[in-house]
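What follows is upload-v7.txt (compact mmCIF, C-alpha atoms).
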# COMPACT_ATOMS: atom_id res chain seq x y z
CA PHE C 1147 -13.42 -31.42 -15.04
CA LYS C 1148 -16.47 -30.15 -16.88
CA LYS C 1149 -17.61 -27.14 -14.86
CA GLU C 1150 -18.19 -23.83 -16.59
CA TYR C 1151 -16.35 -20.80 -15.24
CA SER C 1152 -19.60 -19.48 -13.76
CA GLU C 1153 -19.90 -22.68 -11.66
CA ILE C 1154 -16.41 -22.35 -10.10
CA LYS C 1155 -16.67 -21.69 -6.36
CA THR C 1156 -13.78 -23.38 -4.51
CA ALA C 1157 -9.99 -23.30 -4.66
CA LEU C 1158 -10.02 -26.88 -5.91
CA ASP C 1159 -12.32 -25.84 -8.77
CA ARG C 1160 -10.02 -22.93 -9.66
CA TRP C 1161 -6.93 -25.15 -9.74
CA SER C 1162 -8.75 -27.84 -11.70
CA ALA C 1163 -9.90 -25.29 -14.25
CA PHE C 1164 -6.36 -23.93 -14.53
CA LEU C 1165 -4.82 -27.38 -15.00
CA CYS C 1166 -7.42 -28.47 -17.54
CA ARG C 1167 -7.76 -25.22 -19.49
CA ALA C 1168 -4.47 -23.39 -19.11
CA TYR C 1169 -3.89 -23.58 -22.86
CA GLU C 1170 -7.10 -21.55 -23.39
CA MET C 1171 -6.10 -18.71 -21.09
CA GLU C 1172 -4.41 -15.78 -22.76
CA LYS C 1173 -2.36 -13.20 -20.93
CA GLY C 1174 -4.63 -10.45 -19.69
CA LYS C 1175 -7.75 -12.54 -20.29
CA ILE C 1176 -7.88 -14.63 -17.12
CA PRO C 1177 -11.48 -15.47 -16.17
CA LYS C 1178 -12.52 -13.50 -13.08
CA GLU C 1179 -13.67 -16.69 -11.33
CA ILE C 1180 -10.09 -17.98 -11.44
CA GLU C 1181 -8.32 -14.64 -11.04
CA VAL C 1182 -9.64 -14.22 -7.47
CA ASP C 1183 -7.18 -16.90 -6.30
CA GLU C 1184 -3.78 -15.19 -6.07
CA SER C 1185 -1.81 -18.45 -6.25
CA VAL C 1186 -3.60 -19.57 -9.43
CA LYS C 1187 -3.07 -16.11 -10.91
CA LYS C 1188 0.68 -16.42 -10.20
CA ALA C 1189 0.71 -19.87 -11.82
CA ILE C 1190 -0.90 -18.45 -14.96
CA GLU C 1191 1.65 -15.63 -15.08
CA LYS C 1192 4.48 -18.16 -14.65
CA LEU C 1193 3.03 -20.24 -17.48
CA ASP C 1194 2.94 -17.13 -19.68
CA THR C 1195 6.67 -16.61 -19.13
CA MET C 1196 7.35 -20.22 -20.04
CA TYR C 1197 5.79 -19.60 -23.44
CA LEU C 1198 8.17 -16.70 -24.17
CA GLU C 1199 10.99 -17.07 -26.66
CA LYS C 1200 14.42 -17.76 -25.15
CA GLU C 1201 15.64 -14.16 -25.56
CA GLU C 1202 12.39 -12.72 -24.18
CA ARG C 1203 12.51 -15.10 -21.22
CA GLU C 1204 16.11 -14.08 -20.45
CA ILE C 1205 15.11 -10.41 -20.53
CA TYR C 1206 12.15 -11.16 -18.26
CA GLU C 1207 14.27 -13.15 -15.81
CA ASN C 1208 16.98 -10.44 -15.74
CA GLU C 1209 14.38 -7.76 -15.03
CA ARG C 1210 12.83 -9.96 -12.35
CA LYS C 1211 16.24 -10.50 -10.71
CA ALA C 1212 16.97 -6.76 -10.84
CA MET C 1213 13.62 -6.05 -9.21
CA MET C 1214 14.31 -8.60 -6.46
CA ILE C 1215 17.74 -7.04 -5.86
CA ARG C 1216 16.14 -3.58 -5.63
CA LYS C 1217 13.57 -4.89 -3.15
CA ALA C 1218 16.35 -6.43 -1.05
CA GLU C 1219 18.32 -3.18 -1.15
CA VAL C 1220 15.28 -1.19 -0.03
CA LYS C 1221 14.59 -3.66 2.77
CA THR C 1222 18.22 -3.49 3.90
CA ALA C 1223 18.09 0.31 3.83
CA GLU C 1224 14.88 0.27 5.89
CA ILE C 1225 16.42 -2.03 8.49
CA LYS C 1226 19.57 0.11 8.65
CA GLY C 1227 17.46 3.26 8.94
CA ARG C 1228 15.44 1.79 11.80
CA LYS C 1229 18.63 0.77 13.65
CA GLU C 1230 20.14 4.22 13.22
CA GLY C 1231 16.84 5.82 14.26
CA ARG C 1232 16.73 3.72 17.42
CA LYS C 1233 20.33 4.62 18.28
CA GLU C 1234 19.60 8.32 17.75
CA GLY C 1235 16.40 8.04 19.79
CA ILE C 1236 18.26 6.36 22.64
CA LYS C 1237 20.92 9.09 22.58
CA GLN C 1238 18.29 11.80 22.68
CA GLY C 1239 16.39 9.97 25.41
CA ILE C 1240 19.52 9.68 27.54
CA LYS C 1241 20.32 13.37 27.06
CA GLN C 1242 16.76 14.33 27.97
CA GLY C 1243 16.81 12.01 30.99
CA ILE C 1244 20.07 13.50 32.23
CA LYS C 1245 18.67 17.01 31.80
CA GLN C 1246 15.53 16.11 33.75
CA GLY C 1247 17.61 14.46 36.46
CA GLU C 1248 19.84 17.51 36.78
CA TYR C 1249 16.78 19.78 36.98
CA LYS C 1250 15.20 17.62 39.70
CA LYS C 1251 18.48 17.66 41.62
CA SER C 1252 18.63 21.47 41.33
CA ILE C 1253 15.07 21.70 42.69
CA GLU C 1254 16.00 19.39 45.58
CA ILE C 1255 19.08 21.45 46.45
CA ALA C 1256 17.10 24.69 46.18
CA LYS C 1257 14.45 23.34 48.57
CA ASN C 1258 17.18 22.53 51.09
CA LEU C 1259 18.57 26.07 50.84
CA LEU C 1260 15.27 27.95 51.15
CA ASP C 1261 15.60 28.47 54.89
CA VAL C 1262 19.29 29.50 54.64
CA LEU C 1263 19.74 31.71 51.55
CA ASP C 1264 17.84 34.37 49.58
CA ASN C 1265 16.19 33.58 46.22
CA GLU C 1266 18.85 35.26 44.05
CA THR C 1267 21.72 33.34 45.66
CA ILE C 1268 19.83 30.04 45.43
CA ALA C 1269 19.13 30.75 41.74
CA ILE C 1270 22.81 31.45 41.06
CA LYS C 1271 24.02 28.35 42.92
CA THR C 1272 21.46 25.93 41.43
CA GLY C 1273 21.08 27.30 37.93
CA LEU C 1274 17.37 27.82 38.45
CA SER C 1275 15.62 31.08 37.65
CA VAL C 1276 14.55 33.42 40.45
CA GLU C 1277 10.92 32.76 39.44
CA GLU C 1278 11.41 29.01 39.91
CA VAL C 1279 12.88 29.59 43.36
CA ASN C 1280 9.97 31.93 44.22
CA LYS C 1281 7.53 29.15 43.29
CA LEU C 1282 9.34 26.75 45.65
CA ARG C 1283 8.73 29.19 48.53
CA GLU C 1284 4.97 29.23 47.88
Can the structure in the file be given as structure tokens, please?
Amino acid sequence: FKKEYSEIKTALDRWSAFLCRAYEMEKGKIPKEIEVDESVKKAIEKLDTMYLEKEEREIYENERKAMMIRKAEVKTAEIKGRKEGRKEGIKQGIKQGIKQGEYKKSIEIAKNLLDVLDNETIAIKTGLSVEEVNKLRE
């Protein structure tokens, strides 16, 4: 592989350059032509960790594991939060639906009583306001 970095255009070129010249690449100095490929960038970062001393690599790996555990905890908390949110939403929806159903039933009963009772009595018996009963008469 003899291409210059400026000639690199394809993923195959980026991987070839990485495999042939990885020893030249220093951390933080990855050529922009190669850095555009996320998978090659990850490979370079992995290679950098392989060059660490044993103690440094253990520290790195422990920090990486801790970060992965934190990510998993956050994801679990998000999932749990969504489940609880759905349950609460369903409860509220049911309550609201029951309320609407009761109101519609009260309106239906009031309509049936319009020709028999006065507005105040209908309001008392159905739980509607006198204004609501007046509107039903219109």
So which residues touch Tyr1249 in chain C within 10 Å, counting only C-alpha atoms, skipping near sequence neighbours fewer than 4 positions away, as a compact mmCIF listing (two decimals) with C-alpha atoms, in the frame of the given file?
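Written file, out-v5.txt:
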# COMPACT_ATOMS: atom_id res chain seq x y z
CA GLY C 1243 16.81 12.01 30.99
CA ILE C 1244 20.07 13.50 32.23
CA LYS C 1245 18.67 17.01 31.80
CA ILE C 1253 15.07 21.70 42.69
CA GLU C 1254 16.00 19.39 45.58
CA ILE C 1255 19.08 21.45 46.45
CA THR C 1272 21.46 25.93 41.43
CA GLY C 1273 21.08 27.30 37.93
CA LEU C 1274 17.37 27.82 38.45
Worksheet entry | Pick from C:Ala1218, C:Ala1168, C:Ile1205, C:Met1213, whichever lies nearest to Glu1191 in chain C using all atoms listed in the file |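 Comparing C:Ala1218, C:Ala1168, C:Ile1205, C:Met1213 against Glu1191 in chain C, the winner is C:Ala1168.
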Worksheet entry | Best match for closeness to Phe1147 in chain C among C:Ala1256, C:Met1196, C:Ala1163, C:Leu1282, counting only C-alpha atoms |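 Among the listed residues, C:Ala1163 lies closest to Phe1147 in chain C.
From CA of Asn1280 in chain C back to CA of Glu1266 in chain C, the distance works out to 9.5 Å.
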Find the smallest box with edges along x, y and z containing every listed atom of range 1216-1228 of chain C, then add 3 Å on each side and report centre and edge lengths in Å to one decimal, as AutoDock Vina command-line options.
--center_x 16.6 --center_y -1.6 --center_z 3.1 --size_x 12.0 --size_y 15.7 --size_z 23.4
Expected residue set, 9 Å radius at (-15.7, -18.9, -14.8), all atoms listed in the file, as a tab-separated table (two decimals) with C-alpha atoms, in the coordinates of the input:
chain	number	residue	atom	x	y	z
C	1149	LYS	CA	-17.61	-27.14	-14.86
C	1150	GLU	CA	-18.19	-23.83	-16.59
C	1151	TYR	CA	-16.35	-20.80	-15.24
C	1152	SER	CA	-19.60	-19.48	-13.76
C	1153	GLU	CA	-19.90	-22.68	-11.66
C	1154	ILE	CA	-16.41	-22.35	-10.10
C	1155	LYS	CA	-16.67	-21.69	-6.36
C	1160	ARG	CA	-10.02	-22.93	-9.66
C	1163	ALA	CA	-9.90	-25.29	-14.25
C	1177	PRO	CA	-11.48	-15.47	-16.17
C	1178	LYS	CA	-12.52	-13.50	-13.08
C	1179	GLU	CA	-13.67	-16.69	-11.33
C	1180	ILE	CA	-10.09	-17.98	-11.44
Worksheet entry | Using all atoms listed in the file: which of C:Tyr1169, C:Tyr1206, C:Phe1164, C:Tyr1197 has the shortest distance to Ser1185 in chain C | C:Phe1164
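CA of Lys1221 in chain C lies 24.8 Å from CA of Lys1192 in chain C.
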Worksheet item: For the atom pair CA of Arg1283 in chain C and CA of Thr1267 in chain C, what is the interatomic distance in Å to one decimal place?
Response: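 These atoms are spaced 13.9 Å apart.
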Start from the incomplete input, build N, CA, C and O atoms for range 1181-1196 of chain C, and deliver everything as a PDB file, in the frame of the given file.
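part-v5.pdb, written as the output of this step:
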ATOM      1  N   GLU C1181      -9.236 -15.714 -11.399  1.00  0.00           N
ATOM      2  CA  GLU C1181      -8.320 -14.640 -11.040  1.00  0.00           C
ATOM      3  C   GLU C1181      -8.393 -14.275  -9.553  1.00  0.00           C
ATOM      4  O   GLU C1181      -7.431 -13.760  -8.996  1.00  0.00           O
ATOM      5  N   VAL C1182      -9.497 -14.561  -8.884  1.00  0.00           N
ATOM      6  CA  VAL C1182      -9.640 -14.220  -7.470  1.00  0.00           C
ATOM      7  C   VAL C1182      -8.639 -14.974  -6.599  1.00  0.00           C
ATOM      8  O   VAL C1182      -8.300 -14.521  -5.518  1.00  0.00           O
ATOM      9  N   ASP C1183      -8.161 -16.106  -7.054  1.00  0.00           N
ATOM     10  CA  ASP C1183      -7.180 -16.900  -6.300  1.00  0.00           C
ATOM     11  C   ASP C1183      -5.784 -16.438  -6.707  1.00  0.00           C
ATOM     12  O   ASP C1183      -5.347 -16.661  -7.841  1.00  0.00           O
ATOM     13  N   GLU C1184      -5.089 -15.777  -5.787  1.00  0.00           N
ATOM     14  CA  GLU C1184      -3.780 -15.190  -6.070  1.00  0.00           C
ATOM     15  C   GLU C1184      -2.760 -16.243  -6.503  1.00  0.00           C
ATOM     16  O   GLU C1184      -1.946 -15.991  -7.382  1.00  0.00           O
ATOM     17  N   SER C1185      -2.795 -17.419  -5.898  1.00  0.00           N
ATOM     18  CA  SER C1185      -1.810 -18.450  -6.250  1.00  0.00           C
ATOM     19  C   SER C1185      -2.052 -18.984  -7.666  1.00  0.00           C
ATOM     20  O   SER C1185      -1.099 -19.246  -8.397  1.00  0.00           O
ATOM     21  N   VAL C1186      -3.305 -19.122  -8.065  1.00  0.00           N
ATOM     22  CA  VAL C1186      -3.600 -19.570  -9.430  1.00  0.00           C
ATOM     23  C   VAL C1186      -3.194 -18.481 -10.420  1.00  0.00           C
ATOM     24  O   VAL C1186      -2.624 -18.766 -11.481  1.00  0.00           O
ATOM     25  N   LYS C1187      -3.455 -17.236 -10.057  1.00  0.00           N
ATOM     26  CA  LYS C1187      -3.070 -16.110 -10.910  1.00  0.00           C
ATOM     27  C   LYS C1187      -1.558 -16.107 -11.142  1.00  0.00           C
ATOM     28  O   LYS C1187      -1.087 -15.919 -12.268  1.00  0.00           O
ATOM     29  N   LYS C1188      -0.782 -16.352 -10.073  1.00  0.00           N
ATOM     30  CA  LYS C1188       0.680 -16.420 -10.200  1.00  0.00           C
ATOM     31  C   LYS C1188       1.097 -17.577 -11.100  1.00  0.00           C
ATOM     32  O   LYS C1188       2.037 -17.458 -11.884  1.00  0.00           O
ATOM     33  N   ALA C1189       0.395 -18.705 -10.981  1.00  0.00           N
ATOM     34  CA  ALA C1189       0.710 -19.870 -11.820  1.00  0.00           C
ATOM     35  C   ALA C1189       0.465 -19.546 -13.293  1.00  0.00           C
ATOM     36  O   ALA C1189       1.255 -19.933 -14.162  1.00  0.00           O
ATOM     37  N   ILE C1190      -0.600 -18.830 -13.566  1.00  0.00           N
ATOM     38  CA  ILE C1190      -0.900 -18.450 -14.960  1.00  0.00           C
ATOM     39  C   ILE C1190       0.182 -17.503 -15.480  1.00  0.00           C
ATOM     40  O   ILE C1190       0.652 -17.658 -16.609  1.00  0.00           O
ATOM     41  N   GLU C1191       0.591 -16.550 -14.665  1.00  0.00           N
ATOM     42  CA  GLU C1191       1.650 -15.630 -15.080  1.00  0.00           C
ATOM     43  C   GLU C1191       2.957 -16.372 -15.325  1.00  0.00           C
ATOM     44  O   GLU C1191       3.693 -16.077 -16.265  1.00  0.00           O
ATOM     45  N   LYS C1192       3.256 -17.355 -14.480  1.00  0.00           N
ATOM     46  CA  LYS C1192       4.480 -18.160 -14.650  1.00  0.00           C
ATOM     47  C   LYS C1192       4.405 -18.949 -15.960  1.00  0.00           C
ATOM     48  O   LYS C1192       5.391 -19.042 -16.700  1.00  0.00           O
ATOM     49  N   LEU C1193       3.233 -19.487 -16.237  1.00  0.00           N
ATOM     50  CA  LEU C1193       3.030 -20.240 -17.480  1.00  0.00           C
ATOM     51  C   LEU C1193       3.239 -19.315 -18.682  1.00  0.00           C
ATOM     52  O   LEU C1193       3.849 -19.721 -19.678  1.00  0.00           O
ATOM     53  N   ASP C1194       2.749 -18.088 -18.588  1.00  0.00           N
ATOM     54  CA  ASP C1194       2.940 -17.130 -19.680  1.00  0.00           C
ATOM     55  C   ASP C1194       4.417 -16.902 -19.957  1.00  0.00           C
ATOM     56  O   ASP C1194       4.825 -16.804 -21.117  1.00  0.00           O
ATOM     57  N   THR C1195       5.235 -16.828 -18.914  1.00  0.00           N
ATOM     58  CA  THR C1195       6.670 -16.610 -19.130  1.00  0.00           C
ATOM     59  C   THR C1195       7.332 -17.835 -19.743  1.00  0.00           C
ATOM     60  O   THR C1195       8.305 -17.705 -20.481  1.00  0.00           O
ATOM     61  N   MET C1196       6.784 -19.003 -19.465  1.00  0.00           N
ATOM     62  CA  MET C1196       7.350 -20.220 -20.040  1.00  0.00           C
ATOM     63  C   MET C1196       7.139 -20.277 -21.550  1.00  0.00           C
ATOM     64  O   MET C1196       7.915 -20.895 -22.272  1.00  0.00           O
TER      65      MET C1196
END
